[in-house]
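Asker: data31.cif is reproduced in full below (mmCIF, C-alpha atoms).
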```cif
data_model
loop_
_atom_site.label_atom_id
_atom_site.label_comp_id
_atom_site.auth_asym_id
_atom_site.auth_seq_id
_atom_site.Cartn_x
_atom_site.Cartn_y
_atom_site.Cartn_z
CA MET A 1 4.95 -7.05 -27.76
CA ALA A 2 3.27 -10.30 -26.79
CA ALA A 3 6.50 -12.17 -27.43
CA ASN A 4 8.18 -10.13 -24.73
CA CYS A 5 5.44 -10.80 -22.19
CA VAL A 6 4.55 -14.46 -22.55
CA ILE A 7 5.87 -17.84 -23.53
CA THR A 8 3.99 -20.89 -24.72
CA SER A 9 4.50 -24.23 -23.06
CA PRO A 10 2.05 -27.14 -23.31
CA GLU A 11 1.16 -28.40 -19.86
CA GLU A 12 -1.15 -30.83 -18.14
CA GLU A 13 -4.08 -28.85 -16.76
CA HIS A 14 -4.00 -30.08 -13.17
CA THR A 15 -0.27 -30.41 -12.56
CA PRO A 16 1.69 -27.37 -11.37
CA LYS A 17 4.82 -26.78 -13.40
CA LEU A 18 7.74 -26.63 -11.02
CA ASP A 19 10.58 -26.46 -13.52
CA LEU A 20 9.64 -23.74 -16.03
CA VAL A 21 12.82 -21.82 -16.88
CA THR A 22 11.32 -18.54 -18.07
CA PRO A 23 7.82 -18.15 -16.64
CA LEU A 24 5.35 -15.64 -18.00
CA VAL A 25 5.60 -12.23 -16.37
CA PHE A 26 2.16 -10.73 -15.87
CA ASN A 27 2.53 -7.03 -16.52
CA PRO A 28 -0.96 -5.61 -17.20
CA SER A 29 0.36 -2.16 -18.08
CA MET A 30 2.05 -3.79 -21.10
CA LEU A 31 -0.56 -6.42 -21.86
CA ASN A 32 -3.38 -3.85 -21.90
CA LEU A 33 -1.69 -2.08 -24.82
CA GLN A 34 -2.50 -5.05 -27.03
CA ALA A 35 -5.76 -5.51 -28.95
CA THR A 36 -6.43 -8.85 -27.28
CA ILE A 37 -4.99 -10.92 -24.45
CA PRO A 38 -2.37 -13.66 -24.78
CA SER A 39 -3.68 -17.17 -25.42
CA GLN A 40 -2.49 -18.38 -22.00
CA PHE A 41 -5.25 -16.31 -20.38
CA ILE A 42 -8.06 -17.41 -22.72
CA TRP A 43 -10.38 -20.06 -21.29
CA PRO A 44 -12.21 -22.68 -23.38
CA ASP A 45 -15.54 -21.63 -24.87
CA ASP A 46 -17.53 -23.91 -22.55
CA GLU A 47 -15.86 -22.36 -19.48
CA LYS A 48 -15.89 -18.66 -20.39
CA PRO A 49 -17.43 -16.24 -17.87
CA CYS A 50 -20.86 -14.70 -17.77
CA LEU A 51 -20.14 -11.17 -16.60
CA GLU A 52 -23.70 -10.48 -15.48
CA ALA A 53 -25.02 -12.98 -12.95
CA PRO A 54 -28.18 -12.81 -10.79
CA GLU A 55 -27.67 -11.97 -7.13
CA LEU A 56 -27.30 -14.81 -4.62
CA ASP A 57 -29.49 -14.56 -1.54
CA VAL A 58 -26.80 -14.85 1.16
CA PRO A 59 -27.81 -14.90 4.84
CA LEU A 60 -26.58 -12.00 6.97
CA ILE A 61 -25.22 -13.19 10.32
CA ASP A 62 -25.24 -10.48 13.00
CA LEU A 63 -22.47 -11.17 15.54
CA GLN A 64 -23.27 -8.23 17.81
CA ASN A 65 -25.10 -10.36 20.36
CA PHE A 66 -23.13 -13.53 19.70
CA LEU A 67 -23.04 -15.70 22.85
CA ALA A 68 -24.55 -12.82 24.88
CA HIS A 69 -28.10 -13.96 24.17
CA SER A 70 -28.84 -17.64 23.64
CA HIS A 71 -31.70 -16.97 21.20
CA SER A 72 -29.42 -14.80 19.02
CA THR A 73 -26.79 -17.55 18.95
CA LEU A 74 -29.36 -20.19 18.01
CA ASP A 75 -30.85 -17.98 15.29
CA ALA A 76 -27.38 -17.37 13.83
CA SER A 77 -26.50 -21.08 13.94
CA ARG A 78 -29.73 -21.96 12.11
CA LEU A 79 -28.99 -19.43 9.37
CA ILE A 80 -25.45 -20.75 9.03
CA SER A 81 -26.67 -24.36 8.92
CA ASP A 82 -29.12 -23.53 6.14
CA ALA A 83 -26.46 -21.69 4.10
CA CYS A 84 -23.79 -24.38 4.60
CA ASN A 85 -26.15 -27.15 3.55
CA LYS A 86 -26.99 -25.24 0.36
CA HIS A 87 -23.77 -23.57 -0.77
CA GLY A 88 -21.43 -22.75 2.13
CA PHE A 89 -21.51 -18.93 1.81
CA PHE A 90 -22.76 -16.34 4.30
CA LEU A 91 -22.05 -12.74 5.39
CA VAL A 92 -21.11 -11.55 8.87
CA VAL A 93 -21.82 -8.03 10.14
CA ASN A 94 -21.25 -6.30 13.49
CA HIS A 95 -18.13 -8.41 13.62
CA GLY A 96 -16.09 -6.12 15.84
CA ILE A 97 -13.30 -5.41 13.34
CA SER A 98 -12.58 -1.70 13.21
CA GLU A 99 -13.37 0.15 9.99
CA GLN A 100 -10.01 1.91 10.26
CA LEU A 101 -8.11 -1.38 10.31
CA ILE A 102 -10.00 -2.62 7.25
CA SER A 103 -9.34 0.70 5.50
CA ASP A 104 -5.62 0.54 6.37
CA ALA A 105 -5.39 -3.03 5.05
CA HIS A 106 -6.90 -1.91 1.73
CA GLU A 107 -4.66 1.16 1.61
CA TYR A 108 -1.44 -0.80 2.11
CA MET A 109 -2.61 -3.37 -0.43
CA SER A 110 -2.95 -0.56 -2.98
CA ARG A 111 0.51 0.73 -2.08
CA PHE A 112 2.05 -2.71 -2.59
CA PHE A 113 0.49 -3.40 -5.99
CA ASP A 114 1.32 0.14 -7.16
CA MET A 115 5.01 -0.61 -6.63
CA PRO A 116 7.24 -1.25 -9.69
CA LEU A 117 7.25 -4.87 -10.80
CA SER A 118 10.92 -5.27 -9.89
CA GLU A 119 10.16 -4.24 -6.29
CA LYS A 120 7.28 -6.70 -5.98
CA GLN A 121 9.44 -9.46 -7.42
CA ARG A 122 11.80 -9.16 -4.46
CA ILE A 123 9.41 -11.47 -2.66
CA GLN A 124 8.54 -13.62 -5.66
CA ARG A 125 6.67 -16.77 -4.75
CA LYS A 126 8.93 -19.79 -5.24
CA ALA A 127 7.87 -23.00 -6.95
CA GLY A 128 6.05 -25.36 -4.61
CA GLN A 129 5.47 -22.67 -1.97
CA SER A 130 2.26 -20.92 -0.94
CA CYS A 131 3.66 -17.53 0.15
CA GLY A 132 5.12 -14.58 -1.70
CA TYR A 133 4.23 -12.39 -4.69
CA ALA A 134 2.70 -14.10 -7.72
CA SER A 135 1.91 -12.56 -11.10
CA SER A 136 -0.99 -14.59 -12.46
CA PHE A 137 0.43 -17.86 -10.99
CA ALA A 138 2.40 -18.03 -14.23
CA GLY A 139 5.24 -19.75 -12.41
CA ARG A 140 2.92 -22.69 -11.72
CA PHE A 141 0.69 -23.02 -14.79
CA SER A 142 0.77 -22.09 -18.46
CA THR A 143 -2.89 -22.44 -19.52
CA LYS A 144 -6.13 -20.85 -18.27
CA LEU A 145 -4.15 -18.28 -16.32
CA PRO A 146 -5.96 -15.85 -13.99
CA TRP A 147 -5.86 -12.11 -14.69
CA LYS A 148 -4.50 -11.04 -11.31
CA GLU A 149 -1.58 -10.41 -9.00
CA THR A 150 -1.42 -11.70 -5.45
CA LEU A 151 0.66 -11.39 -2.32
CA SER A 152 0.32 -14.26 0.15
CA PHE A 153 1.91 -14.68 3.56
CA GLN A 154 1.63 -16.99 6.51
CA PHE A 155 0.02 -16.17 9.84
CA CYS A 156 0.75 -18.40 12.83
CA ASP A 157 -1.32 -18.07 15.99
CA ASP A 158 1.77 -19.04 17.95
CA LYS A 159 2.77 -17.29 21.17
CA SER A 160 6.41 -18.18 20.54
CA ARG A 161 6.27 -16.15 17.28
CA PRO A 162 4.01 -13.22 18.22
CA LYS A 163 4.98 -10.95 15.31
CA ASN A 164 5.42 -13.46 12.47
CA VAL A 165 3.64 -11.33 9.83
CA GLN A 166 5.48 -8.16 10.79
CA ASP A 167 8.78 -10.04 10.74
CA TYR A 168 7.99 -11.43 7.28
CA PHE A 169 7.63 -7.97 5.76
CA CYS A 170 10.75 -6.62 7.46
CA ASP A 171 12.87 -9.67 6.63
CA ALA A 172 11.70 -9.91 3.01
CA LEU A 173 11.46 -6.23 2.04
CA GLY A 174 13.40 -4.28 4.66
CA HIS A 175 12.53 -2.27 7.75
CA GLU A 176 10.92 0.50 5.69
CA PHE A 177 8.05 -1.98 5.25
CA GLU A 178 7.48 -2.28 8.98
CA PRO A 179 4.23 -0.21 8.74
CA PHE A 180 2.91 -2.78 6.21
CA GLY A 181 3.82 -5.58 8.60
CA LYS A 182 2.17 -3.92 11.58
CA VAL A 183 -1.12 -3.41 9.74
CA TYR A 184 -1.28 -6.96 8.42
CA GLN A 185 -0.15 -8.43 11.74
CA GLU A 186 -3.08 -6.69 13.41
CA TYR A 187 -5.45 -7.60 10.57
CA CYS A 188 -4.49 -11.29 10.70
CA GLU A 189 -4.89 -11.38 14.47
CA ALA A 190 -8.36 -9.87 14.09
CA MET A 191 -9.25 -12.40 11.36
CA SER A 192 -8.02 -15.28 13.51
CA SER A 193 -10.18 -14.13 16.43
CA LEU A 194 -13.20 -13.65 14.15
CA SER A 195 -12.73 -17.08 12.60
CA LEU A 196 -12.76 -18.73 16.04
CA LYS A 197 -16.12 -17.06 16.79
CA ILE A 198 -17.45 -18.38 13.51
CA MET A 199 -16.10 -21.84 14.37
CA GLU A 200 -18.12 -21.76 17.59
CA LEU A 201 -21.27 -21.08 15.58
CA LEU A 202 -20.39 -23.80 13.09
CA GLY A 203 -19.96 -26.28 15.93
CA ILE A 204 -23.32 -25.34 17.45
CA SER A 205 -25.01 -25.55 14.05
CA LEU A 206 -23.68 -29.10 13.58
CA GLY A 207 -24.76 -30.25 17.01
CA VAL A 208 -21.20 -30.38 18.27
CA SER A 209 -19.87 -28.50 21.28
CA GLY A 210 -19.18 -24.87 20.41
CA ASP A 211 -15.68 -25.29 21.81
CA TYR A 212 -14.77 -28.27 19.64
CA PHE A 213 -13.83 -26.54 16.39
CA LYS A 214 -12.70 -23.41 18.23
CA SER A 215 -10.12 -25.49 20.12
CA PHE A 216 -9.14 -27.31 16.94
CA PHE A 217 -8.17 -24.02 15.26
CA GLU A 218 -6.80 -22.07 18.24
CA GLU A 219 -3.20 -22.64 17.12
CA ASN A 220 -4.01 -22.05 13.48
CA ASP A 221 -1.40 -21.90 10.73
CA SER A 222 -3.27 -19.73 8.25
CA ILE A 223 -2.68 -17.85 4.99
CA MET A 224 -3.42 -14.19 4.23
CA ARG A 225 -3.73 -13.15 0.59
CA LEU A 226 -4.01 -9.74 -1.07
CA ASN A 227 -5.71 -9.95 -4.48
CA TYR A 228 -5.38 -7.38 -7.25
CA TYR A 229 -7.44 -7.74 -10.43
CA PRO A 230 -6.42 -5.13 -13.04
CA PRO A 231 -8.82 -4.01 -15.77
CA CYS A 232 -8.80 -6.38 -18.74
CA GLN A 233 -9.55 -5.42 -22.33
CA LYS A 234 -11.23 -8.79 -22.96
CA PRO A 235 -13.03 -9.69 -19.72
CA ASP A 236 -15.32 -12.10 -21.55
CA LEU A 237 -12.36 -14.38 -22.36
CA THR A 238 -10.69 -14.84 -19.00
CA PHE A 239 -11.11 -14.87 -15.21
CA GLY A 240 -9.61 -13.05 -12.29
CA THR A 241 -9.76 -16.37 -10.47
CA GLY A 242 -10.98 -19.52 -12.20
CA PRO A 243 -13.70 -21.80 -10.80
CA HIS A 244 -12.46 -23.64 -7.70
CA CYS A 245 -13.26 -24.71 -4.17
CA ASP A 246 -10.94 -23.45 -1.45
CA PRO A 247 -8.80 -26.32 -0.10
CA THR A 248 -8.50 -24.49 3.24
CA SER A 249 -10.98 -24.62 6.15
CA LEU A 250 -12.69 -21.22 6.16
CA THR A 251 -12.27 -18.13 4.01
CA ILE A 252 -13.03 -14.62 5.31
CA LEU A 253 -13.11 -12.15 2.42
CA HIS A 254 -13.46 -8.39 2.33
CA GLN A 255 -14.25 -6.96 -1.10
CA ASP A 256 -13.75 -3.41 -2.28
CA HIS A 257 -16.63 -1.66 -4.08
CA VAL A 258 -16.23 -3.49 -7.42
CA HIS A 259 -18.34 -6.55 -8.27
CA GLY A 260 -16.58 -9.77 -9.26
CA LEU A 261 -17.31 -12.67 -6.87
CA GLN A 262 -19.58 -15.39 -8.28
CA VAL A 263 -20.82 -18.64 -6.71
CA PHE A 264 -22.21 -21.73 -8.45
CA VAL A 265 -25.58 -22.59 -6.87
CA ASP A 266 -28.44 -24.69 -8.28
CA ASN A 267 -26.60 -25.16 -11.56
CA GLN A 268 -26.26 -21.41 -12.07
CA TRP A 269 -23.64 -18.77 -11.41
CA ARG A 270 -24.78 -16.14 -8.89
CA SER A 271 -23.02 -12.96 -7.74
CA ILE A 272 -22.32 -11.69 -4.22
CA SER A 273 -22.30 -7.90 -4.18
CA PRO A 274 -19.70 -5.97 -2.20
CA ASN A 275 -20.78 -4.81 1.25
CA PRO A 276 -18.16 -2.64 2.99
CA LYS A 277 -19.60 -3.44 6.43
CA ALA A 278 -19.62 -7.22 5.90
CA PHE A 279 -17.19 -10.06 5.45
CA VAL A 280 -18.00 -12.85 3.02
CA VAL A 281 -17.40 -16.22 4.67
CA ASN A 282 -17.27 -19.58 2.93
CA ILE A 283 -16.54 -23.18 3.85
CA GLY A 284 -13.41 -24.82 2.40
CA ASP A 285 -12.50 -28.43 1.63
CA THR A 286 -10.74 -29.03 4.94
CA PHE A 287 -13.82 -28.09 6.94
CA MET A 288 -15.98 -30.14 4.59
CA ALA A 289 -13.85 -33.12 5.66
CA LEU A 290 -14.09 -32.07 9.34
CA SER A 291 -17.88 -31.99 9.04
CA ASN A 292 -17.85 -35.40 7.32
CA ASN A 293 -19.35 -33.87 4.20
CA ARG A 294 -22.30 -32.31 6.07
CA TYR A 295 -21.26 -28.81 5.00
CA LYS A 296 -20.19 -28.13 1.44
CA SER A 297 -17.22 -26.39 -0.06
CA CYS A 298 -18.84 -24.47 -2.90
CA LEU A 299 -17.50 -23.74 -6.36
CA HIS A 300 -16.78 -20.04 -6.88
CA ARG A 301 -14.79 -17.70 -9.12
CA ALA A 302 -13.92 -14.05 -9.75
CA VAL A 303 -14.64 -12.22 -13.00
CA VAL A 304 -12.86 -9.10 -14.22
CA ASN A 305 -14.03 -6.05 -16.17
CA SER A 306 -12.60 -3.61 -18.71
CA LYS A 307 -12.98 -0.40 -16.70
CA SER A 308 -12.18 -0.83 -13.01
CA GLU A 309 -9.52 -2.54 -11.00
CA ARG A 310 -10.73 -4.73 -8.15
CA LYS A 311 -9.04 -5.67 -4.88
CA SER A 312 -9.91 -8.02 -2.06
CA LEU A 313 -8.47 -9.25 1.24
CA ALA A 314 -8.71 -12.99 1.85
CA PHE A 315 -7.87 -14.74 5.13
CA PHE A 316 -7.72 -18.53 4.77
CA LEU A 317 -8.11 -20.25 8.12
CA CYS A 318 -6.08 -23.47 8.31
CA PRO A 319 -5.37 -25.79 11.25
CA LYS A 320 -1.94 -26.27 12.71
CA LYS A 321 -0.03 -28.14 10.02
CA ASP A 322 0.48 -31.36 12.00
CA ARG A 323 -3.06 -31.51 13.39
CA VAL A 324 -5.00 -34.54 12.14
CA VAL A 325 -8.17 -33.63 10.26
CA LYS A 326 -11.00 -35.99 11.15
CA PRO A 327 -14.65 -35.41 12.08
CA PRO A 328 -15.84 -35.50 15.71
CA ARG A 329 -17.63 -38.63 16.92
CA GLU A 330 -20.93 -36.74 17.06
CA LEU A 331 -20.98 -36.60 13.25
CA LEU A 332 -20.49 -40.35 12.80
CA ASP A 333 -22.94 -43.21 13.20
CA SER A 334 -23.89 -46.46 11.49
CA ASN A 335 -25.76 -44.55 8.80
CA THR A 336 -23.05 -41.93 8.34
CA PRO A 337 -19.62 -43.55 7.89
CA ARG A 338 -16.38 -41.66 7.39
CA ARG A 339 -16.22 -39.97 3.99
CA TYR A 340 -12.53 -39.08 3.95
CA PRO A 341 -9.37 -40.61 5.45
CA ASP A 342 -7.33 -38.90 8.16
CA PHE A 343 -4.93 -36.25 6.87
CA THR A 344 -3.03 -33.19 8.02
CA TRP A 345 -3.26 -29.70 6.55
CA SER A 346 0.41 -29.90 5.52
CA MET A 347 -0.41 -32.94 3.35
CA LEU A 348 -3.30 -31.20 1.58
CA LEU A 349 -1.25 -28.01 1.15
CA GLU A 350 1.58 -29.98 -0.45
CA PHE A 351 -0.91 -31.69 -2.77
CA THR A 352 -2.35 -28.37 -4.01
CA GLN A 353 1.05 -26.70 -4.37
CA LYS A 354 2.96 -29.52 -6.06
CA HIS A 355 0.54 -32.01 -7.57
CA TYR A 356 -2.88 -30.55 -8.34
CA ARG A 357 -4.51 -27.30 -9.43
CA ALA A 358 -7.39 -26.56 -7.05
CA ASP A 359 -10.82 -27.02 -8.62
CA MET A 360 -14.21 -28.44 -7.61
CA ASN A 361 -12.76 -31.96 -7.24
CA THR A 362 -9.70 -31.22 -5.12
CA LEU A 363 -10.79 -33.07 -1.99
CA GLN A 364 -11.77 -36.24 -3.88
CA ALA A 365 -8.57 -36.11 -5.94
CA PHE A 366 -6.58 -35.68 -2.72
CA THR A 367 -8.38 -38.67 -1.18
CA ASP A 368 -7.51 -40.76 -4.23
CA TRP A 369 -3.90 -39.57 -4.01
CA LEU A 370 -3.71 -40.58 -0.34
CA THR A 371 -5.03 -44.04 -1.15
CA ASN A 372 -2.69 -44.39 -4.15
CA LYS A 373 -5.46 -44.29 -6.72
CA PRO A 374 -4.77 -42.54 -10.06
CA ILE A 375 -6.01 -38.94 -10.15
CA GLN A 376 -8.80 -38.55 -12.70
#
```
Hey, can you dump this file as structure tokens for me?

Answerer:
Amino acid sequence: MAANCVITSPEEEHTPKLDLVTPLVFNPSMLNLQATIPSQFIWPDDEKPCLEAPELDVPLIDLQNFLAHSHSTLDASRLISDACNKHGFFLVVNHGISEQLISDAHEYMSRFFDMPLSEKQRIQRKAGQSCGYASSFAGRFSTKLPWKETLSFQFCDDKSRPKNVQDYFCDALGHEFEPFGKVYQEYCEAMSSLSLKIMELLGISLGVSGDYFKSFFEENDSIMRLNYYPPCQKPDLTFGTGPHCDPTSLTILHQDHVHGLQVFVDNQWRSISPNPKAFVVNIGDTFMALSNNRYKSCLHRAVVNSKSERKSLAFFLCPKKDRVVKPPRELLDSNTPRRYPDFTWSMLLEFTQKHYRADMNTLQAFTDWLTNKPIQ
């Protein structure tokens, strides 16, 4: 049966494969009938997961009184500053996003991944692109594959394209998917608004005007991703998502009730438990460059288990594609020179989609690529 599900093709670890003729098709209902998992999913011994990890103490940021009371805003900015100097992860509660909208987003995610494979493949992610359906990213890589399915789509905070998510679902899958599009259009708009509030706090915490980063991201060109991690018969051999830092600016994640998210802090993997009333927020590489390396993009991963499926909603805030990423003057002085060259989000996106598999060294590798140095 394995021969029908997978192919073997030696490949350089960091380079996406853009010309594979017959990519692996990740079909967990077939793969789970086997005694073990195909070799493409098995990670090296020194990288294999620890399924039980101690809990990470993540600060809880209460947004209920955000900007209404100056002391509440300052307290929140201090907590965020402390977290972002250590590991870049924090939780937000009383965020103003309706529980019904979050529930609907999870419900429609379940409906999509429950569809037959042939239906999901109607919006198959194409080589070199960041949007569409992907089964284990097998179209891009052939080793250390993640045990998951994803659906990614673009959200543009653009008044000239007010329903871009809804239009994507209708254009790609037909008008019967308009309810999907409406839910995710509303969800993305809510995530965009929430991310701008968080950007205000990040600006204040860095000693920059609260409006600076908010204005920078007001016309954001972001990515929404639905993640589905099926049960795996050998969870100690593979990952749902391998260790990486997000190349984007800010990630806002909502987990279901199943554990899986782990963060590398103080030379140890720590877990972040699901909290249905909270969003997990973390800094990405692009914001690390915007902060001139003050705030860190932290290594994290997702583990799987043998009993329960796991799902999550991830909104990746990104600037407008042609906007130049460079830190504000307030974060530069004679003792703190520029750490990274100017770049645009479209350049970094192209790098991660066509030239490099995101890991803990993506931003440095991208910097070397921009300056024509060989990638290590």

Asker: Taking 3 positions as the minimum chain separation for residues in the same chain, which residues sit within 10 Å of Met288 (chain A) when counting only C-alpha atoms? Answer as a VMD selection string.

Answerer: chain A and resid 84 88 247 to 250 283 to 285 291 to 298 327 339 to 340 363

Asker: In Å to one decimal, how far is CA of Leu56 (chain A) from CA of Val265 (chain A)?

Answerer: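 About the pair CA of Val265 (chain A) and CA of Leu56 (chain A): they are 8.3 Å apart.
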
Asker: Starting from the displayed file, determine the output of the PyMOL selection byres ((chain A and resi 27-41) around 7) and express the residue list as a list in words.

Answerer: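 Taken over the shown coordinates, the PyMOL selection byres ((chain A and resi 27-41) around 7) returns Ala2, Val25, Phe26, Ile42, Trp43, Ser142, Thr143, Lys144, Leu145, Pro146, Pro230, Cys232, Gln233, Lys234 and Thr238 of chain A.
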
Asker: Assuming the chain letters and numbering stay as they are in my file, what does the PyMOL selection byres ((chain A and resi 300) around 10) actually select? List them as a short mmCIF file (atom, residue, chain, number, x, y, z; two decimals) with C-alpha atoms, in the frame of the given file.

Answerer:
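Produced file selection.cif, reproduced below:
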```cif
data_model
loop_
_atom_site.label_atom_id
_atom_site.label_comp_id
_atom_site.auth_asym_id
_atom_site.auth_seq_id
_atom_site.Cartn_x
_atom_site.Cartn_y
_atom_site.Cartn_z
CA HIS A 87 -23.77 -23.57 -0.77
CA PHE A 89 -21.51 -18.93 1.81
CA THR A 241 -9.76 -16.37 -10.47
CA GLY A 242 -10.98 -19.52 -12.20
CA PRO A 243 -13.70 -21.80 -10.80
CA HIS A 244 -12.46 -23.64 -7.70
CA CYS A 245 -13.26 -24.71 -4.17
CA ASP A 246 -10.94 -23.45 -1.45
CA LEU A 261 -17.31 -12.67 -6.87
CA GLN A 262 -19.58 -15.39 -8.28
CA VAL A 263 -20.82 -18.64 -6.71
CA PHE A 264 -22.21 -21.73 -8.45
CA VAL A 265 -25.58 -22.59 -6.87
CA TRP A 269 -23.64 -18.77 -11.41
CA ARG A 270 -24.78 -16.14 -8.89
CA SER A 271 -23.02 -12.96 -7.74
CA ASN A 282 -17.27 -19.58 2.93
CA SER A 297 -17.22 -26.39 -0.06
CA CYS A 298 -18.84 -24.47 -2.90
CA LEU A 299 -17.50 -23.74 -6.36
CA ARG A 301 -14.79 -17.70 -9.12
CA ALA A 302 -13.92 -14.05 -9.75
CA ASP A 359 -10.82 -27.02 -8.62
CA MET A 360 -14.21 -28.44 -7.61
#
```

Asker: Once the PyMOL selection byres ((chain A and resi 369) around 12) has been evaluated on this model, what residues remain selected, and can you format them as a PDB file with C-alpha atoms, in the coordinates of the input?

Answerer:
```pdb
ATOM      1  CA  TYR A 340     -12.530 -39.080   3.950  1.00  0.00           C
ATOM      2  CA  PRO A 341      -9.370 -40.610   5.450  1.00  0.00           C
ATOM      3  CA  PHE A 343      -4.930 -36.250   6.870  1.00  0.00           C
ATOM      4  CA  MET A 347      -0.410 -32.940   3.350  1.00  0.00           C
ATOM      5  CA  LEU A 348      -3.300 -31.200   1.580  1.00  0.00           C
ATOM      6  CA  GLU A 350       1.580 -29.980  -0.450  1.00  0.00           C
ATOM      7  CA  PHE A 351      -0.910 -31.690  -2.770  1.00  0.00           C
ATOM      8  CA  THR A 352      -2.350 -28.370  -4.010  1.00  0.00           C
ATOM      9  CA  HIS A 355       0.540 -32.010  -7.570  1.00  0.00           C
ATOM     10  CA  TYR A 356      -2.880 -30.550  -8.340  1.00  0.00           C
ATOM     11  CA  THR A 362      -9.700 -31.220  -5.120  1.00  0.00           C
ATOM     12  CA  LEU A 363     -10.790 -33.070  -1.990  1.00  0.00           C
ATOM     13  CA  GLN A 364     -11.770 -36.240  -3.880  1.00  0.00           C
ATOM     14  CA  ALA A 365      -8.570 -36.110  -5.940  1.00  0.00           C
ATOM     15  CA  PHE A 366      -6.580 -35.680  -2.720  1.00  0.00           C
ATOM     16  CA  THR A 367      -8.380 -38.670  -1.180  1.00  0.00           C
ATOM     17  CA  ASP A 368      -7.510 -40.760  -4.230  1.00  0.00           C
ATOM     18  CA  LEU A 370      -3.710 -40.580  -0.340  1.00  0.00           C
ATOM     19  CA  THR A 371      -5.030 -44.040  -1.150  1.00  0.00           C
ATOM     20  CA  ASN A 372      -2.690 -44.390  -4.150  1.00  0.00           C
ATOM     21  CA  LYS A 373      -5.460 -44.290  -6.720  1.00  0.00           C
ATOM     22  CA  PRO A 374      -4.770 -42.540 -10.060  1.00  0.00           C
ATOM     23  CA  ILE A 375      -6.010 -38.940 -10.150  1.00  0.00           C
ATOM     24  CA  GLN A 376      -8.800 -38.550 -12.700  1.00  0.00           C
TER      25      GLN A 376
END
```

Asker: Rounded to one decimal in Å, what is the spacing between CA of Ser306 (chain A) and CA of Glu52 (chain A)?

Answerer: 13.4 Å

Asker: Quick one: residues within 10 Å of Leu196 (chain A), all atoms listed in the file counted, chain neighbours fewer than 6 positions away excluded, as a ChimeraX atom specification?

Answerer: /A:202,210-211,213-218,220,317

Asker: What is the distance between CA of Ala190 (chain A) and CA of Gly203 (chain A), in Å to one decimal?

Answerer: 20.2 Å

Asker: Which residue is closest to Val165 (chain A)? Choose from A:Leu332, A:Ile223, A:Leu194, A:Ile102 and count all atoms listed in the file.

Answerer: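 Among the listed residues, A:Ile223 lies closest to Val165 (chain A).
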
Asker: Which one of A:Lys120, A:His106, A:Arg125, A:Arg161 sits closest to Leu253 (chain A) if you count all atoms listed in the file?

Answerer: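 Using all atoms listed in the file, Leu253 (chain A) sits closest to A:His106.
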
Asker: Smallest atom-to-atom distance to Pro179 (chain A): which of A:Val281, A:Ile204, A:Ala105, A:Leu117, using all atoms listed in the file?

Answerer: A:Ala105

Asker: Of the candidates A:Lys197, A:His259, A:Arg329, A:Arg225, which shows the shortest atom-to-atom distance to His95 (chain A), using all atoms listed in the file?

Answerer: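 Result for the nearest residue to His95 (chain A): A:Lys197.
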
Asker: Which residue, A:Asp167, A:Ser195, A:Val324, A:Phe112, has the smallest gap to Val280 (chain A) when you use only C-alpha atoms?

Answerer: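 When distances to Val280 (chain A) are compared using only C-alpha atoms, the smallest one comes from A:Ser195.
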
Asker: Which residues come within 12 Å of Asn164 (chain A), counting all atoms listed in the file, excluding same-chain residues fewer than 4 positions away, as a compact mmCIF listing (two decimals) with C-alpha atoms, in the coordinates of the input?

Answerer:
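Output below, filename result.txt:
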```
# COMPACT_ATOMS: atom_id res chain seq x y z
CA PHE A 153 1.91 -14.68 3.56
CA GLN A 154 1.63 -16.99 6.51
CA PHE A 155 0.02 -16.17 9.84
CA CYS A 156 0.75 -18.40 12.83
CA ASP A 157 -1.32 -18.07 15.99
CA ASP A 158 1.77 -19.04 17.95
CA LYS A 159 2.77 -17.29 21.17
CA SER A 160 6.41 -18.18 20.54
CA TYR A 168 7.99 -11.43 7.28
CA PHE A 169 7.63 -7.97 5.76
CA CYS A 170 10.75 -6.62 7.46
CA ASP A 171 12.87 -9.67 6.63
CA ALA A 172 11.70 -9.91 3.01
CA GLU A 178 7.48 -2.28 8.98
CA GLY A 181 3.82 -5.58 8.60
CA LYS A 182 2.17 -3.92 11.58
CA TYR A 184 -1.28 -6.96 8.42
CA GLN A 185 -0.15 -8.43 11.74
CA GLU A 186 -3.08 -6.69 13.41
CA CYS A 188 -4.49 -11.29 10.70
CA GLU A 189 -4.89 -11.38 14.47
CA ASP A 221 -1.40 -21.90 10.73
CA SER A 222 -3.27 -19.73 8.25
CA ILE A 223 -2.68 -17.85 4.99
```

Asker: Identify which of the residues A:Ser103, A:Ser346, A:Ser209, A:Ser135 lies closest to Glu330 (chain A), counting only C-alpha atoms when measuring atom-to-atom distances.

Answerer: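 Result for the nearest residue to Glu330 (chain A): A:Ser209.
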
Asker: Got a sec: who's within 8 Å of Arg310 (chain A), counting only C-alpha atoms, leaving out chain neighbours fewer than 3 positions off, as a PDB file with C-alpha atoms, keeping the file's coordinate frame?

Answerer:
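Writing done, so here's out.pdb:
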```
ATOM      1  CA  TYR A 228      -5.380  -7.380  -7.250  1.00  0.00           C
ATOM      2  CA  TYR A 229      -7.440  -7.740 -10.430  1.00  0.00           C
ATOM      3  CA  PRO A 230      -6.420  -5.130 -13.040  1.00  0.00           C
ATOM      4  CA  PRO A 231      -8.820  -4.010 -15.770  1.00  0.00           C
ATOM      5  CA  ASP A 256     -13.750  -3.410  -2.280  1.00  0.00           C
ATOM      6  CA  HIS A 257     -16.630  -1.660  -4.080  1.00  0.00           C
ATOM      7  CA  VAL A 258     -16.230  -3.490  -7.420  1.00  0.00           C
ATOM      8  CA  HIS A 259     -18.340  -6.550  -8.270  1.00  0.00           C
ATOM      9  CA  GLY A 260     -16.580  -9.770  -9.260  1.00  0.00           C
ATOM     10  CA  VAL A 304     -12.860  -9.100 -14.220  1.00  0.00           C
TER      11      VAL A 304
END
```
